[in-house]
>>> print(open('coords-v5.txt').read())   # compact mmCIF, C-alpha atoms
# COMPACT_ATOMS: atom_id res chain seq x y z
CA MET A 1 -8.84 -36.14 68.64
CA SER A 2 -6.43 -34.83 71.28
CA GLY A 3 -3.89 -32.07 71.46
CA SER A 4 -3.95 -28.62 69.92
CA ARG A 5 -4.38 -28.09 66.21
CA ARG A 6 -1.28 -27.18 64.22
CA PRO A 7 -1.60 -23.49 63.28
CA HIS A 8 -1.22 -22.55 59.64
CA HIS A 9 0.34 -19.39 58.24
CA LYS A 10 -1.80 -19.02 55.17
CA SER A 11 -4.57 -16.54 54.56
CA ARG A 12 -7.54 -16.11 52.26
CA HIS A 13 -6.28 -12.61 51.52
CA GLY A 14 -4.20 -13.94 48.69
CA CYS A 15 -4.08 -13.91 44.90
CA SER A 16 -7.17 -13.94 42.71
CA GLN A 17 -6.44 -17.50 41.52
CA CYS A 18 -6.58 -18.84 45.07
CA LYS A 19 -9.66 -16.78 45.89
CA ARG A 20 -11.44 -18.11 42.81
CA ARG A 21 -10.57 -21.68 43.75
CA LYS A 22 -11.43 -20.94 47.40
CA VAL A 23 -8.12 -22.22 48.71
CA LYS A 24 -5.69 -20.68 51.15
CA CYS A 25 -2.84 -18.67 49.62
CA ASP A 26 0.63 -18.45 51.17
CA GLN A 27 1.06 -14.95 49.62
CA CYS A 28 4.71 -15.55 48.71
CA PRO A 29 5.77 -13.62 45.59
CA PRO A 30 6.66 -13.87 42.79
CA THR A 31 4.35 -16.93 42.55
CA CYS A 32 2.40 -18.36 45.46
CA GLY A 33 2.74 -22.06 46.20
CA ASN A 34 -0.64 -23.02 44.72
CA CYS A 35 -0.08 -21.18 41.43
CA LYS A 36 3.45 -22.53 41.20
CA ARG A 37 2.24 -26.12 41.53
CA ARG A 38 -0.52 -25.57 38.95
CA GLY A 39 1.64 -23.56 36.57
CA ALA A 40 -0.87 -20.69 36.72
CA LYS A 41 -0.09 -16.98 36.42
CA CYS A 42 -0.08 -15.48 39.91
CA ASP A 43 -1.06 -11.92 40.83
CA TYR A 44 2.15 -11.58 42.82
CA GLN A 45 4.20 -11.78 39.63
CA GLU A 46 3.09 -8.22 38.93
CA LEU A 47 4.78 -7.11 42.16
CA VAL A 48 8.20 -8.14 40.86
CA PRO A 49 9.42 -5.30 38.62
CA THR A 50 10.45 -6.14 35.08
CA GLU A 51 11.12 -2.50 34.14
CA PRO A 52 13.37 0.00 35.88
CA LEU A 53 11.71 1.81 38.75
CA VAL A 54 12.26 5.55 38.70
CA PRO A 55 10.02 7.23 41.29
CA SER A 56 11.61 7.60 44.68
CA VAL A 57 9.99 6.87 47.99
CA PRO A 58 8.83 10.07 49.73
CA ALA A 59 11.09 11.45 52.42
CA VAL A 60 10.56 10.86 56.11
CA THR A 61 10.60 13.95 58.31
CA ILE A 62 11.19 13.58 62.04
CA HIS A 63 9.53 16.15 64.28
CA SER A 64 9.56 14.48 67.68
CA THR A 65 12.81 16.08 68.79
CA GLY A 66 12.25 19.49 67.30
CA LEU A 67 14.49 18.73 64.33
CA ASP A 68 13.45 18.26 60.72
CA ILE A 69 15.41 15.33 59.36
CA ALA A 70 14.80 14.20 55.82
CA PHE A 71 15.36 10.44 55.77
CA GLU A 72 15.10 9.35 52.17
CA PHE A 73 15.33 6.04 50.40
CA ASP A 74 15.46 5.82 46.63
CA PRO A 75 15.17 2.45 44.85
CA ARG A 76 15.52 3.87 41.34
CA SER A 77 18.03 1.26 40.27
CA ALA A 78 15.82 -1.65 41.21
CA GLY A 79 15.11 -2.78 37.68
CA GLY A 80 18.70 -2.95 36.50
CA PHE A 81 20.89 -5.97 36.01
CA PHE A 82 24.55 -6.01 36.94
CA PRO A 83 26.67 -6.39 33.79
CA ARG A 84 28.26 -9.79 33.32
CA ARG A 85 31.72 -8.22 33.31
CA THR A 86 31.19 -7.01 36.86
CA MET A 87 29.95 -10.38 38.00
CA SER A 88 32.90 -12.14 36.40
CA LYS A 89 35.31 -9.97 38.39
CA PHE A 90 33.69 -10.30 41.79
CA SER A 91 31.40 -13.36 41.56
CA PRO A 92 30.43 -14.89 43.79
CA TYR A 93 29.57 -11.98 46.12
CA LEU A 94 30.33 -14.06 49.15
CA PRO A 95 32.60 -13.47 52.17
CA THR A 96 36.16 -14.67 51.69
CA SER A 97 36.64 -15.22 55.40
CA PRO A 98 34.83 -17.91 57.43
CA THR A 99 31.25 -16.96 58.17
CA THR A 100 30.23 -16.03 61.68
CA SER A 101 26.70 -16.47 62.96
CA ILE A 102 25.32 -13.38 64.65
CA GLY A 103 22.73 -15.19 66.72
CA PHE A 104 19.81 -16.41 64.59
CA THR A 105 19.39 -19.59 66.61
CA SER A 106 16.48 -21.97 67.01
CA GLU A 107 15.62 -20.18 70.26
CA VAL A 108 14.50 -17.11 68.31
CA VAL A 109 11.09 -17.71 66.74
CA TYR A 110 9.81 -15.80 63.72
CA PRO A 111 6.15 -16.71 63.19
CA ASN A 112 4.22 -16.37 59.94
CA LEU A 113 7.24 -16.69 57.66
CA CYS A 114 6.69 -18.40 54.34
CA HIS A 115 9.29 -20.74 52.85
CA GLN A 116 10.82 -17.90 50.84
CA ASP A 117 11.33 -15.71 53.91
CA ILE A 118 12.85 -18.62 55.82
CA GLU A 119 15.34 -19.01 52.96
CA LEU A 120 16.21 -15.30 53.19
CA LEU A 121 16.57 -15.42 56.97
CA HIS A 122 18.87 -18.42 56.75
CA HIS A 123 21.02 -16.75 54.09
CA PHE A 124 21.32 -13.59 56.17
CA ALA A 125 22.33 -15.52 59.29
CA THR A 126 24.87 -17.76 57.59
CA THR A 127 26.26 -15.57 54.82
CA THR A 128 25.06 -11.97 54.37
CA SER A 129 25.73 -10.88 57.95
CA SER A 130 29.34 -11.98 57.57
CA THR A 131 29.83 -9.50 54.73
CA PHE A 132 29.23 -6.45 56.90
CA VAL A 133 30.05 -7.52 60.42
CA PRO A 134 33.31 -5.72 61.31
CA ARG A 135 36.21 -7.72 62.65
CA ASN A 136 36.04 -5.91 65.97
CA VAL A 137 34.59 -8.17 68.68
CA MET A 138 32.63 -5.33 70.29
CA ASP A 139 30.99 -4.41 66.99
CA ARG A 140 29.98 -8.04 66.56
CA ARG A 141 28.29 -7.82 69.92
CA LEU A 142 26.31 -4.87 68.65
CA MET A 143 25.33 -6.88 65.56
CA GLY A 144 24.31 -9.75 67.80
CA HIS A 145 21.26 -7.79 68.93
CA ILE A 146 19.70 -7.88 65.46
CA PRO A 147 17.95 -11.28 65.86
CA GLU A 148 16.09 -10.15 68.97
CA MET A 149 15.09 -6.85 67.36
CA ALA A 150 13.94 -8.59 64.18
CA GLN A 151 11.69 -10.81 66.26
CA SER A 152 9.92 -7.90 67.96
CA ASN A 153 10.03 -5.26 65.19
CA ASP A 154 8.55 -5.95 61.77
CA PHE A 155 10.54 -3.22 60.04
CA VAL A 156 13.84 -4.67 61.29
CA LEU A 157 12.77 -8.10 60.08
CA HIS A 158 11.95 -6.62 56.66
CA ALA A 159 15.36 -4.90 56.71
CA VAL A 160 17.04 -8.24 57.34
CA LEU A 161 15.04 -10.07 54.67
CA GLY A 162 15.46 -7.26 52.13
CA THR A 163 19.22 -7.09 52.65
CA SER A 164 19.50 -10.86 52.31
CA ALA A 165 17.53 -10.74 49.05
CA LEU A 166 19.77 -7.97 47.69
CA HIS A 167 22.80 -10.08 48.47
CA LEU A 168 21.28 -13.11 46.75
CA ALA A 169 20.49 -10.93 43.74
CA MET A 170 24.20 -10.13 43.50
CA VAL A 171 25.27 -13.73 44.02
CA HIS A 172 22.97 -15.20 41.36
CA ALA A 173 24.00 -14.61 37.77
CA ASP A 174 20.93 -16.38 36.37
CA LEU A 175 17.29 -15.33 36.08
CA ASN A 176 16.88 -15.60 39.85
CA ARG A 177 18.68 -12.28 40.18
CA GLY A 178 15.64 -10.36 38.98
CA ARG A 179 13.41 -12.40 41.27
CA TYR A 180 15.50 -11.71 44.35
CA ARG A 181 15.80 -8.04 43.52
CA GLY A 182 12.04 -7.73 43.29
CA ILE A 183 11.62 -9.54 46.59
CA ALA A 184 14.15 -7.18 48.18
CA LEU A 185 12.19 -4.14 47.04
CA GLN A 186 8.99 -5.50 48.52
CA HIS A 187 10.61 -6.01 51.92
CA ILE A 188 12.34 -2.63 51.80
CA SER A 189 9.07 -0.91 50.92
CA ARG A 190 7.21 -2.65 53.75
CA GLY A 191 10.01 -1.91 56.18
CA MET A 192 10.12 1.77 55.23
CA SER A 193 6.37 2.07 55.71
CA ALA A 194 6.57 0.77 59.28
CA PHE A 195 9.76 2.72 59.96
CA ARG A 196 8.13 6.03 58.99
CA THR A 197 5.50 5.52 61.65
CA THR A 198 7.92 4.40 64.34
CA VAL A 199 10.70 6.95 63.82
CA ASN A 200 8.34 9.81 64.67
CA GLU A 201 7.77 8.21 68.08
CA LEU A 202 11.36 7.63 69.18
CA ASN A 203 11.53 6.19 72.69
CA PRO A 204 13.79 3.87 74.73
CA LYS A 205 11.80 0.81 73.64
CA ASN A 206 12.23 1.31 69.89
CA SER A 207 15.55 3.19 69.72
CA ASP A 208 17.63 0.05 69.11
CA ALA A 209 15.36 -1.00 66.25
CA ILE A 210 15.45 2.48 64.70
CA PHE A 211 19.23 2.56 65.07
CA THR A 212 19.58 -0.82 63.34
CA PHE A 213 17.17 -0.09 60.51
CA SER A 214 18.73 3.27 59.69
CA GLY A 215 22.20 1.75 59.65
CA ILE A 216 21.19 -1.08 57.31
CA SER A 217 19.53 1.45 55.00
CA LEU A 218 23.00 2.71 54.05
CA ILE A 219 23.74 -0.69 52.54
CA TRP A 220 20.51 -0.57 50.51
CA GLU A 221 21.33 2.84 49.12
CA PHE A 222 24.80 1.80 48.00
CA ALA A 223 23.49 -1.44 46.49
CA LEU A 224 20.44 -0.06 44.68
CA LEU A 225 22.16 3.05 43.30
CA HIS A 226 25.28 1.14 42.28
CA PRO A 227 26.97 2.54 39.12
CA ALA A 228 26.72 -0.89 37.52
CA TYR A 229 23.04 -0.05 36.94
CA GLU A 230 24.19 2.70 34.56
CA THR A 231 21.95 1.55 31.70
CA TYR A 232 18.87 1.99 33.84
CA LEU A 233 19.88 5.25 35.54
CA THR A 234 20.48 7.59 32.64
CA ARG A 235 18.40 10.32 34.30
CA GLN A 236 20.82 10.66 37.21
CA HIS A 237 24.55 11.31 36.95
CA PRO A 238 26.79 8.88 38.90
CA ILE A 239 28.13 11.72 41.05
CA ASP A 240 24.58 12.75 41.94
CA ARG A 241 23.84 9.18 42.97
CA LEU A 242 26.88 9.14 45.23
CA LEU A 243 25.82 12.49 46.69
CA GLN A 244 22.42 10.95 47.38
CA VAL A 245 24.14 8.21 49.38
CA PHE A 246 26.17 10.88 51.18
CA ALA A 247 22.97 12.75 52.03
CA LEU A 248 21.47 9.62 53.54
CA CYS A 249 24.66 9.08 55.56
CA ARG A 250 24.42 12.57 56.99
CA ASN A 251 20.71 12.24 57.74
CA VAL A 252 21.31 8.96 59.53
CA MET A 253 24.02 10.65 61.60
CA LYS A 254 21.64 13.52 62.39
CA LEU A 255 19.02 10.99 63.47
CA TRP A 256 21.48 9.24 65.76
CA THR A 257 22.36 12.52 67.50
CA THR A 258 18.72 12.81 68.62
CA PHE A 259 19.00 9.62 70.68
CA PRO A 260 19.28 10.13 74.46
CA PRO A 261 22.70 9.51 76.08
CA SER A 262 21.31 6.46 77.88
CA PHE A 263 20.89 4.73 74.51
CA TYR A 264 24.62 4.82 73.85
CA GLN A 265 25.45 3.31 77.23
CA SER A 266 23.37 0.15 76.77
CA ILE A 267 25.84 -1.63 74.47
CA PRO A 268 29.65 -1.14 74.67
CA PRO A 269 30.35 -0.01 71.06
CA LYS A 270 27.74 2.74 71.18
CA PRO A 271 29.69 5.31 73.23
CA ARG A 272 32.41 5.22 70.57
CA ILE A 273 29.80 5.98 67.91
CA LEU A 274 28.43 8.91 69.92
CA GLN A 275 31.90 10.28 70.58
CA GLY A 276 32.74 10.13 66.89
CA ILE A 277 29.55 11.99 66.01
CA THR A 278 29.77 14.73 68.64
CA ASN A 279 33.51 15.41 68.24
CA ALA A 280 33.59 15.25 64.45
CA HIS A 281 33.00 18.95 63.79
CA LYS A 282 35.00 20.46 66.66
CA SER A 283 37.93 22.38 65.20
CA LYS A 284 40.11 21.92 68.31
CA THR A 285 39.48 18.19 68.17
CA MET A 286 40.48 18.09 64.50
CA ILE A 287 43.69 20.06 65.10
CA SER A 288 44.78 17.82 67.97
CA LYS A 289 43.84 14.77 65.92
CA LEU A 290 46.01 15.90 63.02
CA HIS A 291 48.94 16.37 65.41
CA ARG A 292 48.44 12.89 66.87
CA ILE A 293 48.30 11.35 63.40
CA GLN A 294 51.50 13.13 62.41
CA ASP A 295 53.24 11.90 65.56
CA SER A 296 52.03 8.33 65.02
CA GLU A 297 53.88 8.00 61.70
CA LEU A 298 51.29 5.41 60.62
CA VAL A 299 50.19 7.25 57.49
CA PRO A 300 52.31 6.44 54.41
CA SER A 301 54.35 9.33 53.05
CA GLU A 302 52.37 9.18 49.81
CA ILE A 303 49.17 10.08 51.68
CA VAL A 304 50.90 12.85 53.61
CA SER A 305 52.16 14.26 50.32
CA MET A 306 48.65 14.01 48.86
CA ALA A 307 47.13 16.09 51.67
CA THR A 308 49.91 18.67 51.47
CA THR A 309 49.52 19.02 47.70
CA LEU A 310 45.75 19.45 47.98
CA HIS A 311 46.10 22.14 50.65
CA GLU A 312 48.62 24.00 48.49
CA LEU A 313 46.34 23.75 45.48
CA ASN A 314 43.45 25.10 47.53
CA CYS A 315 45.47 28.14 48.61
CA VAL A 316 46.46 28.88 45.01
CA VAL A 317 43.13 28.47 43.19
CA THR A 318 40.49 29.41 45.80
CA ALA A 319 39.99 33.12 46.38
CA ASP A 320 36.81 33.04 48.45
CA PRO A 321 37.74 32.54 52.14
CA VAL A 322 34.55 30.61 52.93
CA GLU A 323 35.14 28.18 50.08
CA GLN A 324 38.81 27.88 50.98
CA GLN A 325 37.90 26.93 54.53
CA ALA A 326 35.35 24.36 53.30
CA TYR A 327 37.95 22.75 51.06
CA SER A 328 40.54 22.82 53.84
CA LYS A 329 38.22 21.01 56.25
CA ALA A 330 37.28 18.47 53.58
CA ILE A 331 40.97 17.74 52.95
CA ASP A 332 41.67 17.32 56.66
CA VAL A 333 38.73 14.94 57.07
CA LEU A 334 39.89 12.97 54.03
CA TYR A 335 43.37 12.68 55.52
CA VAL A 336 41.97 11.50 58.86
CA THR A 337 39.77 8.98 57.05
CA PHE A 338 42.82 7.54 55.29
CA TYR A 339 44.50 7.28 58.68
CA LYS A 340 41.49 5.52 60.23
CA LEU A 341 41.48 2.88 57.52
CA VAL A 342 45.23 2.39 57.78
CA LYS A 343 44.87 1.90 61.53
CA HIS A 344 41.76 -0.31 61.28
CA PRO A 345 41.98 -2.20 57.97
CA GLY A 346 38.85 -3.98 56.87
CA GLU A 347 36.35 -1.81 58.79
CA TRP A 348 34.38 -0.63 55.77
CA SER A 349 32.14 1.76 57.72
CA LEU A 350 35.16 4.00 58.33
CA ALA A 351 35.23 4.73 54.61
CA LEU A 352 31.95 6.61 55.10
CA ARG A 353 33.57 8.99 57.57
CA TRP A 354 34.22 11.54 54.84
CA ALA A 355 30.56 11.48 53.82
CA PHE A 356 29.48 11.90 57.44
CA ILE A 357 31.82 14.71 58.44
CA ALA A 358 32.91 16.74 55.40
CA PRO A 359 31.44 20.28 55.61
CA VAL A 360 28.03 20.80 54.05
CA GLU A 361 29.52 23.77 52.19
CA PHE A 362 31.90 21.37 50.48
CA MET A 363 29.02 19.09 49.50
CA ASP A 364 27.35 22.11 47.90
CA LEU A 365 30.52 22.81 45.93
CA LEU A 366 30.61 19.20 44.83
CA GLN A 367 26.98 19.38 43.78
CA ALA A 368 27.88 22.44 41.71
CA ARG A 369 30.71 20.47 40.05
CA ARG A 370 33.40 22.90 41.15
CA PRO A 371 36.75 21.62 39.80
CA LEU A 372 38.60 21.48 43.11
CA ALA A 373 35.68 19.66 44.74
CA LEU A 374 35.84 17.08 41.95
CA VAL A 375 39.59 16.72 42.48
CA LEU A 376 39.02 15.97 46.17
CA LEU A 377 36.31 13.47 45.25
CA SER A 378 38.75 11.67 42.95
CA HIS A 379 41.17 11.25 45.86
CA TYR A 380 38.34 9.86 47.99
CA CYS A 381 37.83 7.26 45.25
CA VAL A 382 41.31 5.92 46.00
CA LEU A 383 40.24 5.40 49.59
CA LEU A 384 37.06 3.60 48.48
CA TYR A 385 38.99 1.41 46.09
CA HIS A 386 41.69 0.28 48.51
CA GLY A 387 39.75 0.50 51.77
CA THR A 388 36.52 -1.36 51.00
CA ASN A 389 35.66 -4.69 49.47
CA GLN A 390 31.98 -5.14 50.29
CA TRP A 391 29.55 -6.29 47.60
CA TRP A 392 27.44 -3.12 47.82
CA MET A 393 30.44 -0.76 47.50
CA ARG A 394 32.54 -2.43 44.83
CA ASP A 395 33.11 -0.55 41.58
CA TRP A 396 31.82 2.78 42.94
CA SER A 397 35.35 4.24 42.92
CA GLN A 398 36.13 3.36 39.30
CA HIS A 399 32.83 4.68 37.94
CA ILE A 400 32.96 7.92 39.91
CA LEU A 401 36.58 8.56 38.95
CA ILE A 402 35.77 8.07 35.28
CA SER A 403 32.89 10.54 35.63
CA VAL A 404 35.17 13.08 37.31
CA SER A 405 37.79 12.78 34.57
CA GLN A 406 35.12 13.47 31.95
CA LEU A 407 34.09 16.70 33.71
CA LEU A 408 37.55 18.23 34.15
CA ASP A 409 39.39 20.14 31.43
CA GLU A 410 43.10 19.98 30.64
CA GLN A 411 43.92 22.53 33.31
CA TRP A 412 42.46 20.34 36.05
CA ILE A 413 42.88 16.78 34.78
CA LYS A 414 46.56 16.79 35.77
CA HIS A 415 45.53 17.10 39.42
CA ILE A 416 43.89 13.67 39.41
CA SER A 417 46.82 11.79 37.86
CA TRP A 418 47.62 10.05 41.14
CA PRO A 419 44.03 8.81 41.77
CA LEU A 420 43.82 7.50 38.19
CA ARG A 421 47.10 5.66 38.64
CA ALA A 422 46.24 4.39 42.12
CA ILE A 423 43.20 2.37 40.98
CA GLU A 424 44.89 0.71 38.02
CA ASP A 425 45.39 -3.06 38.06
CA GLY A 426 48.82 -3.94 39.33
CA TYR A 427 49.31 -0.71 41.25
CA GLN A 428 51.34 -1.39 44.38
CA SER A 429 49.28 0.22 47.09
CA PRO A 430 51.27 1.95 49.83
CA PHE A 431 48.36 1.50 52.22
CA CYS A 432 47.96 -1.11 54.90
CA PHE A 433 44.47 -1.87 53.66
CA ALA A 434 43.10 -5.40 53.46
CA LYS A 435 41.86 -6.07 49.94
>>> encode(input="coords-v5.txt", output="structure tokens")
Amino acid sequence: MSGSRRPHHKSRHGCSQCKRRKVKCDQCPPTCGNCKRRGAKCDYQELVPTEPLVPSVPAVTIHSTGLDIAFEFDPRSAGGFFPRRTMSKFSPYLPTSPTTSIGFTSEVVYPNLCHQDIELLHHFATTTSSTFVPRNVMDRRLMGHIPEMAQSNDFVLHAVLGTSALHLAMVHADLNRGRYRGIALQHISRGMSAFRTTVNELNPKNSDAIFTFSGISLIWEFALLHPAYETYLTRQHPIDRLLQVFALCRNVMKLWTTFPPSFYQSIPPKPRILQGITNAHKSKTMISKLHRIQDSELVPSEIVSMATTLHELNCVVTADPVEQQAYSKAIDVLYVTFYKLVKHPGEWSLALRWAFIAPVEFMDLLQARRPLALVLLSHYCVLLYHGTNQWWMRDWSQHILISVSQLLDEQWIKHISWPLRAIEDGYQSPFCFAK
């Protein structure tokens, strides 16, 4: 016998059926290969949830930089099924434009992957990645670093596999949806476990991986807390779920500000990200930005009128100067966010700008269900509806707007007439957004 032996990727640390039969188990849920061939019940079937999961994963607190950053992930919607009516409207959840590979080539080796994980990796490379890679060439270059990071960082690999499984769960309208959702949760859980350990030891070697994982986590949060899981999320109001996503957005931004300047110089798109984060809350920057937007004449008159009306309403109904300032800043950021999406149609991440930058005082008012805060949220729903078309963000705007309308009385409901009209079928959008 010559040559080296072909290595196997199985282990005796498998299910009880394989241990009892003293055979190697491939440990691939929901049913390992041996049990699947024999038609036996596999231990891994118990790992795939059949009931809604409610408990959230504990928060991650970062101490290495002197800051306490709560980085939370909450898979409470994992057990829910998307209603058939939603699937009929958007199915399949696949990119409408030609797919673009982001670099998962044969030169990148991922050892110890079972057949199921290979399927997920292939789907991510050929399909899922195309659903969130921006059209900008420089941003695609940033995305192109994911394959290398996934090869050297287990938690990034789990992020990739989990995201791919979530996408497949949305694509499949049959019983496989529950299977893929369960697989996604397993990868997300494993990835979070490794991420918690790594994020407390931020250094130049792992900063790219931490940056990538935290960014992808935003997609998970939107997908797993989606309003279409309403039947399984009766304990949490839709607005609270959206605020939970907003909180994660802000914590991710806070995490990114702890990265050293050298990190943002390593890849071209990063300086733009850093500049957006550091300049976001500077009042002088906001004032000059508003002047530039006005001079550009890119924003439709309907949006200009919206911002003016909201500012006037704020002056009339808000007596407290602190609250009035919080509302005013939130309106300005909303206006700038509309402008950004008009200028860069199709870049879905810009729709999160409001969540990243709106004053924390405003978020508190929204949490308290203050009427004017709800009115501003309803106008943000118009931006979500016309400015995004990703599978993890679809339908958020309609569900949130319905929830807002149910909370407002007759005195306030008139102030959301435009948002309600703007998301109706057949409405002629004045925006330059790509739907």
>>> axis_aligned_box(input="coords-v5.txt", around="segment 185-198 of chain A", padding_each_side="8 Å", output="JSON")
{"center_x": 8.9, "center_y": 0.0, "center_z": 55.7, "size_x": 22.8, "size_y": 28.0, "size_z": 33.3}
>>> atom_distance(input="coords-v5.txt", atom1="atom CA of Thr127 of chain A", atom2="atom CA of Leu166 of chain A")
12.3 Å
>>> residues_around(input="coords-v5.txt", residues="segment 317-321 of chain A", least_positions_apart="4", cutoff="12 Å", atoms="all atoms listed in the file", output="number ranges by chain")
A: 310-313, 325-328, 365, 370-373, 411-412
>>> closest_residue(input="coords-v5.txt", among="A:Leu341, A:Met253, A:Leu242, A:Ala422", to="Leu225 of chain A", atoms="all atoms listed in the file")
A:Leu242
>>> atom_distance(input="coords-v5.txt", atom1="atom CA of Cys32 of chain A", atom2="atom CA of Cys15 of chain A")
7.9 Å
>>> atom_distance(input="coords-v5.txt", atom1="atom CA of Asp26 of chain A", atom2="atom CA of Ile210 of chain A")
29.0 Å
>>> closest_residue(input="coords-v5.txt", among="A:Phe124, A:Trp418, A:Trp392, A:Phe259", to="Leu218 of chain A", atoms="all atoms listed in the file")
A:Trp392
>>> decode(input="coords-v5.txt", residues="segment 285-349 of chain A", atoms="C-alpha atoms", output="short mmCIF file (atom, residue, chain, number, x, y, z; two decimals), in the first residue's frame")
data_model
loop_
_atom_site.label_atom_id
_atom_site.label_comp_id
_atom_site.auth_asym_id
_atom_site.auth_seq_id
_atom_site.Cartn_x
_atom_site.Cartn_y
_atom_site.Cartn_z
CA THR A 285 -21.57 68.69 10.13
CA MET A 286 -25.34 68.16 10.12
CA ILE A 287 -26.07 71.84 9.44
CA SER A 288 -23.63 72.01 6.54
CA LYS A 289 -24.99 68.72 5.23
CA LEU A 290 -28.54 70.04 5.24
CA HIS A 291 -27.40 73.10 3.29
CA ARG A 292 -25.62 70.92 0.72
CA ILE A 293 -28.69 68.73 0.31
CA GLN A 294 -30.88 71.78 -0.20
CA ASP A 295 -28.49 73.15 -2.82
CA SER A 296 -28.30 69.81 -4.63
CA GLU A 297 -32.04 69.81 -5.42
CA LEU A 298 -31.93 66.00 -5.52
CA VAL A 299 -34.59 65.47 -2.86
CA PRO A 300 -38.15 65.43 -4.23
CA SER A 301 -40.35 68.30 -3.10
CA GLU A 302 -42.65 65.83 -1.35
CA ILE A 303 -39.83 64.82 1.00
CA VAL A 304 -38.84 68.43 1.62
CA SER A 305 -42.45 69.19 2.49
CA MET A 306 -42.54 66.17 4.81
CA ALA A 307 -39.52 67.37 6.80
CA THR A 308 -40.89 70.92 7.02
CA THR A 309 -44.28 69.70 8.23
CA LEU A 310 -42.70 67.48 10.89
CA HIS A 311 -40.53 70.33 12.18
CA GLU A 312 -43.57 72.61 12.39
CA LEU A 313 -45.54 69.94 14.22
CA ASN A 314 -42.69 69.49 16.67
CA CYS A 315 -42.63 73.21 17.47
CA VAL A 316 -46.38 73.25 18.07
CA VAL A 317 -46.86 70.14 20.22
CA THR A 318 -43.54 69.76 22.11
CA ALA A 319 -43.09 72.04 25.10
CA ASP A 320 -40.01 70.46 26.67
CA PRO A 321 -36.88 71.93 25.01
CA VAL A 322 -34.86 68.72 25.44
CA GLU A 323 -37.56 66.62 23.78
CA GLN A 324 -38.02 69.22 21.05
CA GLN A 325 -34.31 69.09 20.25
CA ALA A 326 -34.37 65.27 20.18
CA TYR A 327 -37.27 65.29 17.74
CA SER A 328 -35.62 67.97 15.62
CA LYS A 329 -32.41 65.95 15.29
CA ALA A 330 -34.38 62.80 14.48
CA ILE A 331 -36.25 64.65 11.71
CA ASP A 332 -33.01 66.01 10.26
CA VAL A 333 -31.41 62.56 10.26
CA LEU A 334 -34.51 61.10 8.62
CA TYR A 335 -34.35 63.77 5.91
CA VAL A 336 -30.66 63.08 5.29
CA THR A 337 -31.38 59.34 5.14
CA PHE A 338 -34.00 59.93 2.45
CA TYR A 339 -31.43 61.97 0.56
CA LYS A 340 -28.79 59.24 0.86
CA LEU A 341 -31.12 56.64 -0.61
CA VAL A 342 -32.19 58.97 -3.41
CA LYS A 343 -28.54 59.58 -4.25
CA HIS A 344 -27.51 55.92 -3.88
CA PRO A 345 -30.53 53.79 -4.82
CA GLY A 346 -30.30 50.12 -3.96
CA GLU A 347 -27.78 50.44 -1.11
CA TRP A 348 -29.96 48.92 1.60
CA SER A 349 -27.51 49.58 4.44
#
